[in-house]
>>> print(open('data02.cif').read())   # mmCIF, C-alpha atoms
data_entry
loop_
_atom_site.group_PDB
_atom_site.id
_atom_site.type_symbol
_atom_site.label_atom_id
_atom_site.label_comp_id
_atom_site.auth_asym_id
_atom_site.auth_seq_id
_atom_site.Cartn_x
_atom_site.Cartn_y
_atom_site.Cartn_z
ATOM 1 C CA MET A 1 1.176 80.323 140.958
ATOM 2 C CA LEU A 2 3.749 77.570 141.425
ATOM 3 C CA LEU A 3 7.427 78.537 141.406
ATOM 4 C CA ARG A 4 9.914 76.042 140.202
ATOM 5 C CA PRO A 5 13.188 75.905 142.109
ATOM 6 C CA LEU A 6 16.085 77.406 140.248
ATOM 7 C CA THR A 7 18.688 74.873 139.265
ATOM 8 C CA PRO A 8 22.226 75.966 138.469
ATOM 9 C CA ARG A 9 23.069 75.861 134.812
ATOM 10 C CA THR A 10 25.872 73.576 133.863
ATOM 11 C CA ILE A 11 28.728 75.582 132.397
ATOM 12 C CA ARG A 12 30.666 73.573 129.936
ATOM 13 C CA SER A 13 34.346 74.315 129.603
ATOM 14 C CA PRO A 14 35.666 74.760 126.082
ATOM 15 C CA PRO A 15 37.221 71.648 124.602
ATOM 16 C CA THR A 16 40.987 71.302 125.139
ATOM 17 C CA LEU A 17 42.879 71.766 121.932
ATOM 18 C CA ARG A 18 45.417 69.014 121.441
ATOM 19 C CA ARG A 19 47.857 68.923 118.623
ATOM 20 C CA SER A 20 47.707 65.552 116.970
ATOM 21 C CA SER A 21 50.911 63.801 116.080
ATOM 22 C CA SER A 22 49.876 63.925 112.444
ATOM 23 C CA SER A 23 49.945 67.740 112.504
ATOM 24 C CA ARG A 24 53.541 67.929 113.736
ATOM 25 C CA SER A 25 56.286 68.654 111.268
ATOM 26 C CA PRO A 26 58.557 65.726 110.347
ATOM 27 C CA SER A 27 61.518 67.433 112.030
ATOM 28 C CA SER A 28 59.587 67.852 115.307
ATOM 29 C CA THR A 29 58.444 64.239 115.215
ATOM 30 C CA ASN A 30 61.985 63.006 114.572
ATOM 31 C CA TYR A 31 63.374 65.198 117.365
ATOM 32 C CA LEU A 32 60.857 63.915 119.948
ATOM 33 C CA ALA A 33 61.483 60.316 118.898
ATOM 34 C CA ARG A 34 65.248 60.813 119.178
ATOM 35 C CA GLN A 35 64.869 62.340 122.646
ATOM 36 C CA ARG A 36 62.806 59.357 123.818
ATOM 37 C CA ARG A 37 65.431 56.915 122.538
ATOM 38 C CA ASP A 38 68.439 58.848 123.866
ATOM 39 C CA PRO A 39 69.791 57.009 126.966
ATOM 40 C CA PHE A 40 71.600 60.135 128.160
ATOM 41 C CA VAL A 41 68.405 62.204 128.083
ATOM 42 C CA ARG A 42 66.667 59.532 130.171
ATOM 43 C CA SER A 43 69.641 59.215 132.515
ATOM 44 C CA ARG A 44 69.814 62.979 132.965
ATOM 45 C CA SER A 45 66.473 63.104 134.736
ATOM 46 C CA SER A 46 66.825 59.803 136.603
ATOM 47 C CA ASN A 47 70.354 60.510 137.872
ATOM 48 C CA ASP A 48 70.741 61.550 141.512
ATOM 49 C CA GLU A 49 72.455 64.727 140.351
ATOM 50 C CA GLN A 50 69.444 65.758 138.213
ATOM 51 C CA TYR A 51 71.629 67.314 135.548
ATOM 52 C CA VAL A 52 70.068 70.290 133.773
ATOM 53 C CA ALA A 53 71.647 69.258 130.459
ATOM 54 C CA ARG A 54 72.859 65.985 128.900
ATOM 55 C CA SER A 55 76.172 67.741 128.151
ATOM 56 C CA ALA A 56 77.173 66.873 131.739
ATOM 57 C CA PHE A 57 77.881 63.310 130.609
ATOM 58 C CA LYS A 58 80.327 64.548 127.972
ATOM 59 C CA LEU A 59 82.499 66.211 130.611
ATOM 60 C CA LEU A 60 82.348 63.115 132.821
ATOM 61 C CA GLU A 61 83.486 60.997 129.858
ATOM 62 C CA LEU A 62 86.344 63.391 129.133
ATOM 63 C CA GLN A 63 87.367 63.007 132.779
ATOM 64 C CA ASP A 64 87.603 59.234 132.307
ATOM 65 C CA LYS A 65 89.615 59.580 129.072
ATOM 66 C CA VAL A 66 92.553 61.444 130.655
ATOM 67 C CA ARG A 67 95.590 59.156 130.612
ATOM 68 C CA GLY A 68 98.756 58.565 132.605
ATOM 69 C CA GLY A 69 97.394 59.230 136.063
ATOM 70 C CA ALA A 70 96.567 62.861 135.270
ATOM 71 C CA LYS A 71 93.107 64.173 136.100
ATOM 72 C CA LEU A 72 90.883 66.632 134.339
ATOM 73 C CA LEU A 73 88.908 67.405 137.501
ATOM 74 C CA ARG A 74 90.417 67.403 140.989
ATOM 75 C CA ARG A 75 89.153 68.446 144.383
ATOM 76 C CA GLY A 76 90.141 72.002 145.307
ATOM 77 C CA MET A 77 90.595 73.232 141.729
ATOM 78 C CA THR A 78 89.632 76.668 140.469
ATOM 79 C CA VAL A 79 87.630 76.230 137.270
ATOM 80 C CA VAL A 80 86.253 78.820 134.852
ATOM 81 C CA ASP A 81 83.387 77.584 132.653
ATOM 82 C CA LEU A 82 82.770 79.749 129.564
ATOM 83 C CA GLY A 83 79.346 79.548 127.953
ATOM 84 C CA ALA A 84 78.145 77.676 131.014
ATOM 85 C CA ALA A 85 74.337 77.956 130.684
ATOM 86 C CA PRO A 86 72.216 76.143 131.625
ATOM 87 C CA GLY A 87 74.884 74.578 133.865
ATOM 88 C CA GLY A 88 75.343 70.892 133.028
ATOM 89 C CA TRP A 89 79.137 71.142 132.995
ATOM 90 C CA VAL A 90 79.104 73.144 136.228
ATOM 91 C CA GLN A 91 77.130 70.352 137.930
ATOM 92 C CA ALA A 92 79.411 67.633 136.559
ATOM 93 C CA ALA A 93 82.558 69.477 137.652
ATOM 94 C CA TRP A 94 81.134 70.525 141.017
ATOM 95 C CA SER A 95 80.657 66.942 142.228
ATOM 96 C CA THR A 96 84.453 66.472 142.177
ATOM 97 C CA VAL A 97 85.914 69.983 142.444
ATOM 98 C CA VAL A 98 83.759 71.150 145.359
ATOM 99 C CA GLY A 99 81.506 68.289 146.440
ATOM 100 C CA GLY A 100 84.284 65.710 146.565
ATOM 101 C CA GLY A 101 83.029 63.107 144.076
ATOM 102 C CA GLU A 102 84.955 59.856 143.792
ATOM 103 C CA SER A 103 88.266 61.518 144.611
ATOM 104 C CA ARG A 104 87.187 62.443 148.122
ATOM 105 C CA LYS A 105 88.351 60.037 150.810
ATOM 106 C CA GLY A 106 87.323 60.248 154.407
ATOM 107 C CA LYS A 107 86.367 63.431 156.173
ATOM 108 C CA GLU A 108 87.296 66.815 154.812
ATOM 109 C CA LYS A 109 90.412 68.247 156.412
ATOM 110 C CA ALA A 110 90.127 71.673 157.972
ATOM 111 C CA THR A 111 93.112 72.933 155.964
ATOM 112 C CA GLU A 112 91.919 71.456 152.662
ATOM 113 C CA LYS A 113 91.541 73.968 149.865
ATOM 114 C CA LYS A 114 87.944 74.357 148.733
ATOM 115 C CA GLY A 115 87.292 74.325 145.020
ATOM 116 C CA MET A 116 85.579 77.112 143.126
ATOM 117 C CA ILE A 117 83.770 77.280 139.792
ATOM 118 C CA ILE A 118 83.207 80.583 138.014
ATOM 119 C CA ALA A 119 80.514 80.173 135.362
ATOM 120 C CA VAL A 120 80.093 82.851 132.690
ATOM 121 C CA ASP A 121 77.415 83.079 130.009
ATOM 122 C CA LEU A 122 75.255 85.616 128.217
ATOM 123 C CA LEU A 123 72.274 83.542 129.355
ATOM 124 C CA PRO A 124 71.319 82.842 132.992
ATOM 125 C CA LEU A 125 72.169 79.545 134.662
ATOM 126 C CA ALA A 126 69.476 77.259 136.036
ATOM 127 C CA PRO A 127 68.521 78.242 139.631
ATOM 128 C CA GLN A 128 69.628 74.889 141.089
ATOM 129 C CA VAL A 129 73.088 75.429 139.557
ATOM 130 C CA VAL A 130 73.410 78.977 140.896
ATOM 131 C CA ALA A 131 72.484 77.680 144.354
ATOM 132 C CA LEU A 132 75.456 75.280 144.497
ATOM 133 C CA PRO A 133 78.095 76.243 147.097
ATOM 134 C CA ASN A 134 81.304 77.814 145.759
ATOM 135 C CA VAL A 135 79.759 78.482 142.344
ATOM 136 C CA VAL A 136 79.976 82.068 141.070
ATOM 137 C CA ALA A 137 77.520 82.767 138.247
ATOM 138 C CA LEU A 138 78.230 85.761 136.025
ATOM 139 C CA GLN A 139 75.899 86.829 133.230
ATOM 140 C CA GLY A 140 77.744 88.623 130.454
ATOM 141 C CA ASN A 141 80.414 88.344 127.753
ATOM 142 C CA PHE A 142 83.599 86.804 129.170
ATOM 143 C CA LEU A 143 85.691 89.070 126.912
ATOM 144 C CA ASP A 144 84.011 92.211 128.281
ATOM 145 C CA PRO A 145 86.524 94.173 130.418
ATOM 146 C CA LEU A 146 83.905 94.674 133.141
ATOM 147 C CA VAL A 147 83.198 90.924 133.332
ATOM 148 C CA LYS A 148 86.947 90.239 133.383
ATOM 149 C CA LYS A 149 87.337 92.616 136.315
ATOM 150 C CA ILE A 150 84.634 90.752 138.237
ATOM 151 C CA VAL A 151 86.368 87.442 137.455
ATOM 152 C CA VAL A 152 89.649 88.830 138.828
ATOM 153 C CA ASP A 153 87.903 90.100 141.955
ATOM 154 C CA LYS A 154 86.245 86.729 142.546
ATOM 155 C CA LEU A 155 89.519 84.861 142.013
ATOM 156 C CA GLY A 156 91.374 86.888 144.608
ATOM 157 C CA SER A 157 94.704 85.117 145.201
ATOM 158 C CA ARG A 158 93.576 81.961 143.393
ATOM 159 C CA LYS A 159 95.102 80.795 140.137
ATOM 160 C CA VAL A 160 92.916 79.284 137.436
ATOM 161 C CA ASP A 161 93.607 75.544 137.061
ATOM 162 C CA LEU A 162 91.182 74.731 134.252
ATOM 163 C CA VAL A 163 89.205 76.620 131.600
ATOM 164 C CA LEU A 164 86.177 74.856 130.094
ATOM 165 C CA SER A 165 84.234 75.902 127.013
ATOM 166 C CA ASP A 166 81.140 74.092 125.772
ATOM 167 C CA MET A 167 80.217 77.050 123.560
ATOM 168 C CA LEU A 168 78.674 76.597 120.142
ATOM 169 C CA ALA A 169 76.856 79.195 118.055
ATOM 170 C CA ASN A 170 73.392 78.338 116.761
ATOM 171 C CA VAL A 171 73.845 75.969 113.833
ATOM 172 C CA SER A 172 72.571 77.467 110.570
ATOM 173 C CA GLY A 173 73.034 74.469 108.281
ATOM 174 C CA ASN A 174 75.826 76.208 106.384
ATOM 175 C CA HIS A 175 78.744 73.924 107.240
ATOM 176 C CA GLU A 176 81.477 76.408 106.338
ATOM 177 C CA GLY A 177 79.848 79.274 108.230
ATOM 178 C CA ASP A 178 79.090 77.109 111.264
ATOM 179 C CA ALA A 179 82.674 75.801 111.315
ATOM 180 C CA ALA A 180 84.127 79.300 111.086
ATOM 181 C CA ARG A 181 81.986 80.538 113.986
ATOM 182 C CA SER A 182 82.924 77.487 116.046
ATOM 183 C CA VAL A 183 86.655 78.091 115.575
ATOM 184 C CA GLU A 184 86.175 81.786 116.357
ATOM 185 C CA LEU A 185 84.608 80.883 119.710
ATOM 186 C CA CYS A 186 87.567 78.574 120.378
ATOM 187 C CA ARG A 187 89.974 81.408 119.630
ATOM 188 C CA SER A 188 88.116 83.584 122.123
ATOM 189 C CA ALA A 189 88.304 80.842 124.764
ATOM 190 C CA LEU A 190 92.029 80.392 124.037
ATOM 191 C CA GLN A 191 92.565 84.134 124.433
ATOM 192 C CA PHE A 192 90.849 84.028 127.823
ATOM 193 C CA ALA A 193 92.801 80.944 128.902
ATOM 194 C CA GLU A 194 96.163 82.475 127.979
ATOM 195 C CA GLU A 195 95.318 85.461 130.117
ATOM 196 C CA TYR A 196 94.381 83.515 133.248
ATOM 197 C CA LEU A 197 96.173 80.153 133.136
ATOM 198 C CA GLU A 198 99.607 79.765 134.659
ATOM 199 C CA VAL A 199 102.439 78.967 132.244
ATOM 200 C CA GLN A 200 103.835 75.497 132.915
ATOM 201 C CA GLN A 201 107.527 74.713 132.638
ATOM 202 C CA VAL A 202 108.411 72.285 129.861
ATOM 203 C CA GLU A 203 109.956 69.065 131.153
ATOM 204 C CA GLU A 204 113.110 67.753 129.530
ATOM 205 C CA ASP A 205 112.505 64.485 127.739
ATOM 206 C CA GLY A 206 114.810 61.612 128.543
ATOM 207 C CA ALA A 207 116.302 63.194 131.670
ATOM 208 C CA ALA A 208 115.183 60.465 134.033
ATOM 209 C CA ILE A 209 116.746 57.016 133.605
ATOM 210 C CA LEU A 210 116.041 54.240 136.087
ATOM 211 C CA GLU A 211 118.805 52.090 137.633
ATOM 212 C CA ASP A 212 117.932 49.136 135.426
ATOM 213 C CA GLY A 213 118.501 51.303 132.373
ATOM 214 C CA LYS A 214 114.856 51.697 131.539
ATOM 215 C CA LYS A 215 113.619 55.150 130.738
ATOM 216 C CA LYS A 216 111.227 56.640 133.243
ATOM 217 C CA LYS A 217 107.898 57.345 131.652
ATOM 218 C CA LYS A 218 107.208 61.034 131.278
ATOM 219 C CA LYS A 219 104.421 62.167 133.587
ATOM 220 C CA GLU A 220 101.225 63.070 131.787
ATOM 221 C CA ARG A 221 100.152 66.625 132.430
ATOM 222 C CA SER A 222 96.600 67.369 133.540
ATOM 223 C CA PRO A 223 94.505 69.260 130.964
ATOM 224 C CA VAL A 224 94.120 72.975 131.523
ATOM 225 C CA LEU A 225 91.834 73.863 128.595
ATOM 226 C CA VAL A 226 88.888 71.923 127.121
ATOM 227 C CA MET A 227 86.903 73.407 124.218
ATOM 228 C CA LYS A 228 84.045 72.201 122.056
ATOM 229 C CA CYS A 229 84.647 72.562 118.317
ATOM 230 C CA LEU A 230 83.041 71.401 115.064
ATOM 231 C CA GLN A 231 85.151 69.127 112.868
ATOM 232 C CA SER A 232 86.237 71.035 109.766
ATOM 233 C CA ARG A 233 89.220 72.142 107.704
ATOM 234 C CA GLU A 234 89.344 75.322 109.823
ATOM 235 C CA ALA A 235 89.509 73.189 112.971
ATOM 236 C CA GLU A 236 92.493 71.256 111.579
ATOM 237 C CA LEU A 237 94.304 74.531 110.881
ATOM 238 C CA PHE A 238 93.431 75.767 114.367
ATOM 239 C CA LYS A 239 95.066 72.649 115.775
ATOM 240 C CA ASP A 240 98.448 74.036 114.692
ATOM 241 C CA THR A 241 97.767 77.151 116.765
ATOM 242 C CA LEU A 242 96.948 75.027 119.800
ATOM 243 C CA ARG A 243 100.071 72.895 119.357
ATOM 244 C CA SER A 244 102.176 76.044 119.343
ATOM 245 C CA ARG A 245 100.742 77.021 122.728
ATOM 246 C CA PHE A 246 100.414 73.681 124.542
ATOM 247 C CA GLU A 247 102.625 70.648 125.119
ATOM 248 C CA SER A 248 99.784 68.225 124.473
ATOM 249 C CA VAL A 249 96.711 68.654 122.246
ATOM 250 C CA ARG A 250 94.189 65.843 121.734
ATOM 251 C CA TRP A 251 90.874 65.565 119.924
ATOM 252 C CA GLU A 252 88.169 63.648 121.781
ATOM 253 C CA LYS A 253 84.616 62.711 120.822
ATOM 254 C CA PRO A 254 82.710 61.212 123.758
ATOM 255 C CA THR A 255 80.122 58.524 123.116
ATOM 256 C CA SER A 256 77.550 60.856 124.679
ATOM 257 C CA SER A 257 78.037 63.147 121.667
ATOM 258 C CA ARG A 258 75.534 62.075 119.053
ATOM 259 C CA ALA A 259 77.080 60.038 116.241
ATOM 260 C CA GLU A 260 75.713 62.345 113.535
ATOM 261 C CA SER A 261 77.118 65.441 115.236
ATOM 262 C CA ARG A 262 80.382 66.990 114.010
ATOM 263 C CA GLU A 263 81.223 68.213 117.499
ATOM 264 C CA GLY A 264 84.284 67.132 119.380
ATOM 265 C CA PHE A 265 86.558 68.565 122.050
ATOM 266 C CA TRP A 266 90.107 69.903 122.090
ATOM 267 C CA VAL A 267 91.815 68.754 125.291
ATOM 268 C CA CYS A 268 94.962 70.806 125.897
ATOM 269 C CA ALA A 269 97.632 70.381 128.592
ATOM 270 C CA GLY A 270 100.828 72.229 129.499
ATOM 271 C CA LEU A 271 100.560 75.898 128.528
ATOM 272 C CA LYS A 272 103.868 77.007 127.001
ATOM 273 C CA PRO A 273 105.468 80.397 127.519
ATOM 274 C CA ARG A 274 105.180 82.726 124.574
ATOM 275 C CA HIS A 275 108.136 83.359 122.247
ATOM 276 C CA GLU A 276 108.907 86.759 123.816
ATOM 277 C CA GLU A 277 108.616 85.296 127.343
ATOM 278 C CA VAL A 278 111.252 82.668 126.547
ATOM 279 C CA ILE A 279 113.598 85.319 125.166
ATOM 280 C CA ALA A 280 113.122 87.486 128.279
ATOM 281 C CA SER A 281 113.795 84.482 130.521
ATOM 282 C CA LYS A 282 116.960 83.557 128.645
ATOM 283 C CA GLY A 283 118.119 87.159 128.812
ATOM 284 C CA LYS A 284 117.765 87.210 132.585
ATOM 285 C CA GLU A 285 119.810 84.023 132.869
ATOM 286 C CA GLY A 286 122.559 85.593 130.802
ATOM 287 C CA GLY A 287 124.118 84.562 127.516
ATOM 288 C CA ASN A 288 123.154 85.114 123.927
ATOM 289 C CA VAL A 289 119.757 84.034 122.664
ATOM 290 C CA ASP A 290 119.468 82.660 119.155
ATOM 291 C CA GLU A 291 115.852 83.305 118.195
ATOM 292 C CA ASP A 292 116.055 80.839 115.320
ATOM 293 C CA SER A 293 116.800 78.036 117.799
ATOM 294 C CA ILE A 294 113.535 78.521 119.682
ATOM 295 C CA PHE A 295 110.784 76.237 118.435
ATOM 296 C CA PHE A 296 107.215 75.664 119.618
#
>>> encode(input="data02.cif", output="structure tokens")
Amino acid sequence: MLLRPLTPRTIRSPPTLRRSSSSRSPSSTNYLARQRRDPFVRSRSSNDEQYVARSAFKLLELQDKVRGGAKLLRRGMTVVDLGAAPGGWVQAAWSTVVGGGESRKGKEKATEKKGMIIAVDLLPLAPQVVALPNVVALQGNFLDPLVKKIVVDKLGSRKVDLVLSDMLANVSGNHEGDAARSVELCRSALQFAEEYLEVQQVEEDGAAILEDGKKKKKKERSPVLVMKCLQSREAELFKDTLRSRFESVRWEKPTSSRAESREGFWVCAGLKPRHEEVIASKGKEGGNVDEDSIFF
């Protein structure tokens, strides 16, 4: 009896299921096409920094838009980033605040203050962002008393120089509801900023006159609060609140924000003392205080 040699049976793997482009929804197709065309999405991955989100370019643009010699980001600053995940703004700020960026000249001095960024979000930051030196990542609600206590502990003797907020609730398509939630997040960020930012003394206008009779240009203050917000009637009303608390309030829409998006950013500088703080200060100096003469 002749035995035939056993040959191994060929095991065929199941066919790979691929979703054809024709089976995608129109919204998915449009989204993918927009992502391929978006220069900031392409630049995000090709950039040396390898930003985890295209939002990094928005903060860099806002840095360039600050006028009068003031700077949004400076080496050695203490920055708190609210709603920081996945960490694009942290990366963009870190390159100047901690890493040095363009503002760094020569070798680092031994006595030079090192910058710090405290990033807070309900969601975790990308691992490469958490790994950055002098970045403190906190997962939780920034209005939670426990999270606030950790922020205070991490700050130590430092004072907060800048509060950033790129927060935006998930868009539902209901413009009024989305706008209301956006303003509410801004109010929360403002509440946090008022608690941690240092009040800045208001400069007297017209006090400095040069020898040739020309008025010395008032120095532009550096921004201390930057918040994302959706354009709406509620946002316009909220602007009055911001103007009552800050010397300068500007609305900026970077080119890296998509043209069809209603998002923009409040850039606020010069935190004013509150009404009761002014009255207390005047009382210490002596003299009567006419509350009706105090305007913000």
>>> closest_residue(input="data02.cif", among="A:Gln63, A:Gln128, A:Gln231, A:Ser248", to="A:Arg262", atoms="only C-alpha atoms")
A:Gln231
>>> atom_distance(input="data02.cif", atom1="atom CA of A:Leu132", atom2="atom CA of A:Phe192")
24.3 Å
>>> closest_residue(input="data02.cif", among="A:Val135, A:Ala85, A:Ala70, A:Val52", to="A:Val98", atoms="all atoms listed in the file")
A:Val135
>>> resolve_selection(input="data02.cif", expression="the PyMOL selection byres ((chain A and resi 65) around 12)", output="VMD selection string")
chain A and resid 58 to 64 66 to 73 222 to 223 250 to 255 265 267
>>> residues_near_point(input="data02.cif", point="(81.5, 91.1, 127.0)", cutoff="12 Å", atoms="all atoms listed in the file", output="ChimeraX atom specification")
/A:82-83,120-122,138-150,188,192
>>> resolve_selection(input="data02.cif", expression="the PyMOL selection byres ((chain A and resi 249) around 10)", output="PyMOL selection string")
chain A and resi 223+225-226+239-240+242-248+250-252+266-270
>>> residues_around(input="data02.cif", residues="A:Lys228", least_positions_apart="4", cutoff="8 Å", atoms="only C-alpha atoms", output="list in words")
Ser165, Asp166, Met167, Leu168, Cys186, Glu263, Gly264, Phe265 and Trp266 of chain A
>>> resolve_selection(input="data02.cif", expression="the PyMOL selection byres ((chain A and resi 161) around 7)", output="number ranges by chain")
A: 77-79, 159-160, 162, 197, 224
>>> atom_distance(input="data02.cif", atom1="atom CA of A:Ala56", atom2="atom CA of A:Ala93")
8.4 Å
>>> atom_distance(input="data02.cif", atom1="atom CA of A:Arg274", atom2="atom CA of A:Gly115")
28.4 Å
>>> residues_around(input="data02.cif", residues="A:Ala126", least_positions_apart="2", cutoff="12 Å", atoms="all atoms listed in the file", output="PyMOL selection string")
chain A and resi 50-53+84-91+119+121+123-124+128-132+137+139
